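Here's protein_26.pdb, which has PDB, C-alpha atoms and all ligand atoms:
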```
ATOM      1  CA  VAL A   1       0.000   0.000   0.000
ATOM      2  CA  GLY A   2       3.028   2.345   0.067
ATOM      3  CA  CYS A   3       5.148   3.955   2.726
ATOM      4  CA  PRO A   4       3.678   6.033   5.598
ATOM      5  CA  THR A   5       4.772   9.271   3.985
ATOM      6  CA  GLU A   6       2.858   8.289   0.899
ATOM      7  CA  LEU A   7      -0.137   7.267   2.993
ATOM      8  CA  HIS A   8      -0.032  10.572   4.803
ATOM      9  CA  ARG A   9       0.191  12.514   1.570
ATOM     10  CA  ARG A  10      -2.664  10.558   0.076
ATOM     11  CA  ALA A  11      -4.743  10.973   3.203
ATOM     12  CA  ASN A  12      -4.340  14.713   2.798
ATOM     13  CA  SER A  13      -5.003  14.802  -0.902
ATOM     14  CA  VAL A  14      -8.096  16.343  -2.400
ATOM     15  CA  SER A  15     -10.040  13.182  -3.121
ATOM     16  CA  ARG A  16      -9.383  11.192   0.027
ATOM     17  CA  ARG A  17     -12.170   8.743  -0.527
ATOM     18  CA  ASP A  18     -10.912   7.734  -3.960
ATOM     19  CA  ALA A  19      -7.230   7.894  -3.156
ATOM     20  CA  PHE A  20      -7.510   5.703  -0.090
ATOM     21  CA  PRO A  21     -10.482   3.347  -0.180
ATOM     22  CA  ASP A  22      -9.094   1.221   2.694
ATOM     23  CA  VAL A  23      -9.655   3.966   5.269
ATOM     24  CA  PRO A  24     -12.476   2.988   7.627
ATOM     25  CA  ALA A  25     -15.644   5.061   7.363
ATOM     26  CA  GLU A  26     -15.251   6.505  10.867
ATOM     27  CA  VAL A  27     -11.771   7.820  10.029
ATOM     28  CA  ARG A  28     -12.915   9.191   6.705
ATOM     29  CA  ARG A  29     -15.625  11.138   8.513
ATOM     30  CA  ARG A  30     -13.080  12.640  10.898
ATOM     31  CA  MET A  31     -10.806  13.514   7.987
ATOM     32  CA  SER A  32     -13.507  15.253   6.011
ATOM     33  CA  LYS A  33     -14.358  17.341   9.072
ATOM     34  CA  ILE A  34     -10.745  18.454   9.382
ATOM     35  CA  LYS A  35     -10.569  19.323   5.726
ATOM     36  CA  LYS A  36     -13.543  21.638   6.008
ATOM     37  CA  THR A  37     -12.186  23.546   8.992
ATOM     38  CA  HIS A  38      -8.574  24.054   8.001
ATOM     39  CA  THR A  39      -7.778  22.523   4.628
ATOM     40  CA  LYS A  40      -4.388  20.900   4.411
ATOM     41  CA  PRO A  41      -2.447  21.133   7.690
ATOM     42  CA  GLU A  42       0.947  21.152   6.045
ATOM     43  CA  LEU A  43      -0.050  23.999   3.733
ATOM     44  CA  MET A  44      -1.212  26.033   6.705
ATOM     45  CA  VAL A  45       2.144  25.620   8.418
ATOM     46  CA  ARG A  46       3.998  26.546   5.233
ATOM     47  CA  ARG A  47       1.918  29.695   4.869
ATOM     48  CA  ILE A  48       2.555  30.744   8.448
ATOM     49  CA  ALA A  49       6.301  30.033   8.227
ATOM     50  CA  HIS A  50       6.479  31.994   4.984
ATOM     51  CA  ARG A  51       4.539  34.912   6.432
ATOM     52  CA  LEU A  52       6.933  35.036   9.395
ATOM     53  CA  GLY A  53       9.808  35.413   6.943
ATOM     54  CA  TYR A  54      11.575  32.090   7.364
ATOM     55  CA  ARG A  55      13.423  30.528   4.459
ATOM     56  CA  PHE A  56      12.781  26.836   4.094
ATOM     57  CA  ARG A  57      12.812  23.871   1.740
ATOM     58  CA  LEU A  58      10.184  21.174   1.350
ATOM     59  CA  HIS A  59      10.533  17.405   1.738
ATOM     60  CA  ARG A  60      14.281  17.147   1.358
ATOM     61  CA  ARG A  61      14.684  13.548   0.333
ATOM     62  CA  ASP A  62      18.331  13.403   1.328
ATOM     63  CA  LEU A  63      17.242  13.695   4.984
ATOM     64  CA  PRO A  64      15.743  10.862   7.050
ATOM     65  CA  GLY A  65      11.951  10.920   6.815
ATOM     66  CA  SER A  66      11.899  13.666   4.134
ATOM     67  CA  PRO A  67      10.828  16.329   6.656
ATOM     68  CA  ASP A  68       7.875  18.490   5.595
ATOM     69  CA  LEU A  69       9.717  21.774   6.183
ATOM     70  CA  VAL A  70      13.510  22.067   6.311
ATOM     71  CA  PHE A  71      15.295  25.164   7.623
ATOM     72  CA  PRO A  72      18.851  24.503   6.406
ATOM     73  CA  SER A  73      20.609  27.547   7.857
ATOM     74  CA  ARG A  74      19.247  26.726  11.321
ATOM     75  CA  ARG A  75      19.666  22.981  10.904
ATOM     76  CA  LYS A  76      16.085  22.462  12.015
ATOM     77  CA  VAL A  77      13.169  20.550  10.562
ATOM     78  CA  VAL A  78       9.407  20.513  11.114
ATOM     79  CA  PHE A  79       7.051  17.606  10.584
ATOM     80  CA  VAL A  80       3.307  18.105  10.286
ATOM     81  CA  HIS A  81       1.761  14.860  11.450
ATOM     82  CA  GLY A  82      -1.743  13.568  10.865
ATOM     83  CA  CYS A  83      -3.209  12.559  14.243
ATOM     84  CA  PHE A  84      -4.644   9.275  13.042
ATOM     85  CA  TRP A  85      -1.631   8.088  11.034
ATOM     86  CA  HIS A  86       0.899   8.965  13.693
ATOM     87  CA  ARG A  87      -1.234   8.031  16.706
ATOM     88  CA  HIS A  88      -1.417  11.362  18.480
ATOM     89  CA  ASN A  89      -2.913  11.122  21.960
ATOM     90  CA  CYS A  90      -5.901  13.331  21.155
ATOM     91  CA  PRO A  91      -9.613  13.000  20.296
ATOM     92  CA  LEU A  92      -8.944  13.479  16.583
ATOM     93  CA  SER A  93      -6.705  10.448  16.533
ATOM     94  CA  GLY A  94      -9.484   8.359  17.971
ATOM     95  CA  ALA A  95      -9.438   4.712  18.827
ATOM     96  CA  LEU A  96      -7.810   2.274  16.457
ATOM     97  CA  PRO A  97     -10.230   1.187  13.741
ATOM     98  CA  SER A  98     -12.435  -1.601  15.011
ATOM     99  CA  THR A  99     -12.467  -3.333  11.632
ATOM    100  CA  ARG A 100      -9.480  -5.132  10.143
ATOM    101  CA  VAL A 101      -7.516  -4.806  13.369
ATOM    102  CA  SER A 102      -4.794  -7.177  12.166
ATOM    103  CA  TYR A 103      -4.261  -4.895   9.194
ATOM    104  CA  TRP A 104      -4.350  -1.512  10.907
ATOM    105  CA  THR A 105      -2.649  -2.106  14.238
ATOM    106  CA  PRO A 106       0.770  -3.166  12.912
ATOM    107  CA  LYS A 107       0.649  -0.537  10.174
ATOM    108  CA  LEU A 108      -0.013   2.319  12.580
ATOM    109  CA  GLU A 109       2.413   0.989  15.189
ATOM    110  CA  ARG A 110       5.060   0.859  12.494
ATOM    111  CA  ASN A 111       4.396   4.516  11.692
ATOM    112  CA  VAL A 112       5.039   5.460  15.312
ATOM    113  CA  GLU A 113       8.228   3.366  15.415
ATOM    114  CA  ARG A 114       9.445   4.913  12.186
ATOM    115  CA  ASP A 115       8.777   8.429  13.514
ATOM    116  CA  ALA A 116      11.000   7.673  16.507
ATOM    117  CA  GLU A 117      13.718   6.212  14.265
ATOM    118  CA  VAL A 118      13.608   9.220  11.959
ATOM    119  CA  ARG A 119      13.902  11.610  14.887
ATOM    120  CA  THR A 120      16.907   9.719  16.282
ATOM    121  CA  LYS A 121      18.627   9.694  12.889
ATOM    122  CA  LEU A 122      18.036  13.389  12.304
ATOM    123  CA  GLN A 123      19.307  14.286  15.760
ATOM    124  CA  ALA A 124      22.396  12.137  15.218
ATOM    125  CA  LEU A 125      23.061  14.227  12.096
ATOM    126  CA  GLY A 126      22.737  17.411  14.129
ATOM    127  CA  TRP A 127      19.203  18.399  13.151
ATOM    128  CA  GLU A 128      16.632  19.595  15.665
ATOM    129  CA  VAL A 129      13.101  18.309  15.167
ATOM    130  CA  LEU A 130       9.694  19.871  15.846
ATOM    131  CA  VAL A 131       6.443  17.966  15.347
ATOM    132  CA  LEU A 132       3.244  19.924  14.789
ATOM    133  CA  TRP A 133       0.057  17.913  15.023
ATOM    134  CA  GLU A 134      -2.900  18.210  12.702
ATOM    135  CA  CYS A 135      -5.192  19.022  15.645
ATOM    136  CA  GLU A 136      -2.994  21.999  16.645
ATOM    137  CA  ILE A 137      -2.948  23.640  13.234
ATOM    138  CA  ALA A 138      -6.371  25.294  13.446
ATOM    139  CA  ASN A 139      -4.947  27.724  16.001
ATOM    140  CA  ALA A 140      -2.711  29.868  13.785
ATOM    141  CA  ASP A 141      -1.459  31.992  16.682
ATOM    142  CA  ALA A 142      -0.309  28.922  18.557
ATOM    143  CA  VAL A 143       1.446  27.563  15.471
ATOM    144  CA  GLU A 144       3.159  30.911  14.972
ATOM    145  CA  GLN A 145       4.330  30.921  18.576
ATOM    146  CA  ARG A 146       5.638  27.371  18.400
ATOM    147  CA  LEU A 147       7.544  28.084  15.191
ATOM    148  CA  ARG A 148       9.092  31.204  16.715
ATOM    149  CA  ASN A 149      10.059  29.386  19.900
ATOM    150  CA  PHE A 150      11.612  26.599  17.879
ATOM    151  CA  LEU A 151      13.312  28.626  15.146
ATOM    152  CA  GLY A 152      14.076  31.914  16.811
ATOM    153  CA  TRP A 153      13.332  35.205  15.086
ATOM    154  CA  ALA A 154      13.458  35.296  11.316
ATOM    155  CA  ARG A 155      16.119  37.481   9.752
ATOM    156  CA  HIS A 156      14.445  39.833   7.345
TER     157      HIS A 156
HETATM  158 ZN    ZN A 201      -3.981  15.345  17.537
END
```
So that I can check it, write out the structure of this file as structure tokens.
Amino acid sequence: VGCPTELHRRANSVSRRDAFPDVPAEVRRRMSKIKKTHTKPELMVRRIAHRLGYRFRLHRRDLPGSPDLVFPSRRKVVFVHGCFWHRHNCPLSGALPSTRVSYWTPKLERNVERDAEVRTKLQALGWEVLVLWECEIANADAVEQRLRNFLGWARH
């Protein structure tokens, strides 16, 4: 079915239902709710980072986990994680799907393991890592504050 990054990207694509028919109905409902309130979480973060004046690159494939936003001069990266796919401890993440447990549980657990591995690898290479969760993105002020705390002030 593809790697977690691919799953994540597809889960956030315009036609979620068509792109990912395996997603349980309950999850699809949650996803469509999110989409209505704040479109694509990663795009929101990009917009905010851009507005604050930071220079960044997207999905650098030469780095572990192809981080969503890469700030090369600061040696810092930001991931924008979907709550369901990366098992955030929040209401949006919800319980594990009750159908096809043997399919979903290992897949989602593997995502969480991989996230930890990616973080360790990046840190070993001298990169600092910030994770922003899908459920936090609706609050633009909070995202702005977290980016500033993490990155320091942008040089204009
Ligand atoms: Zn969450």
Site check for ligand ZN 201 (chain A): residues at most 7 Å away, all atoms listed in the file, as a ChimeraX atom specification: /A:83,88-93,133-136
Answer key for the PyMOL selection byres (((chain A and resi 84) around 9) and not hetatm), residues as a VMD selection string: chain A and resid 27 81 to 83 85 to 88 92 to 96 108
Nearest candidate to Trp153 in chain A (options A:Arg74, A:Gly126, A:Pro64, A:Leu69; using all atoms listed in the file): A:Arg74
Residue IDs satisfying the PyMOL selection byres (((chain A and resi 72) around 10) and not hetatm), as number ranges by chain: A: 55-57, 69-71, 73-77, 127
Can you write just those residues out, C-alpha atoms, as a JSON list (two decimals), keeping the file's coordinate frame?
```json
[["chain", "number", "residue", "atom", "x", "y", "z"],
["A", 55, "ARG", "CA", 13.42, 30.53, 4.46],
["A", 56, "PHE", "CA", 12.78, 26.84, 4.09],
["A", 57, "ARG", "CA", 12.81, 23.87, 1.74],
["A", 69, "LEU", "CA", 9.72, 21.77, 6.18],
["A", 70, "VAL", "CA", 13.51, 22.07, 6.31],
["A", 71, "PHE", "CA", 15.30, 25.16, 7.62],
["A", 73, "SER", "CA", 20.61, 27.55, 7.86],
["A", 74, "ARG", "CA", 19.25, 26.73, 11.32],
["A", 75, "ARG", "CA", 19.67, 22.98, 10.90],
["A", 76, "LYS", "CA", 16.08, 22.46, 12.02],
["A", 77, "VAL", "CA", 13.17, 20.55, 10.56],
["A", 127, "TRP", "CA", 19.20, 18.40, 13.15]]
```
d(CA of Val131 in chain A, CA of Asp68 in chain A) in Å: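 Separating CA of Val131 in chain A from CA of Asp68 in chain A is a distance of 9.9 Å.
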Point-to-point distance in Å for CA of Phe79 in chain A and CA of Arg114 in chain A: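 These atoms are spaced 13.0 Å apart.
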Result set, the PyMOL selection byres (((chain A and resi 52) around 9) and not hetatm) on current file, as a ChimeraX atom specification: /A:47-51,53-54,144,148,153-154
Selected residue of minimal separation from Ala116 in chain A among A:Val45, A:Val101, A:Leu58, A:Val129, counting only C-alpha atoms: A:Val129
Atom-to-atom span, CA of Leu130 in chain A and CA of Phe150 in chain A, Å: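 Computing the Euclidean distance for CA of Leu130 in chain A and CA of Phe150 in chain A yields 7.3 Å.
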Top pick for closest residue to Leu132 in chain A, considering A:Arg46, A:Val112, A:Val80, A:His59 and counting only C-alpha atoms: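 Looking at the shortest contact to Leu132 in chain A, the residue is A:Val80.
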Proximity to Leu63 in chain A - best of A:Thr105, A:Glu26, A:Arg100, A:Ala124, all atoms listed in the file: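 Looking only at the distances to Leu63 in chain A, the closest residue turns out to be A:Ala124.
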Using only C-alpha atoms: which of A:Val78, A:Asn111, A:Ala138, A:Leu122 has the shortest distance to Leu151 in chain A: A:Val78
Counting all atoms listed in the file, the residue of A:Arg60, A:Gly65, A:Val143, A:Glu109 that sits nearest Met44 in chain A: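 Once distances to Met44 in chain A are computed over all atoms listed in the file, the minimum belongs to A:Val143.
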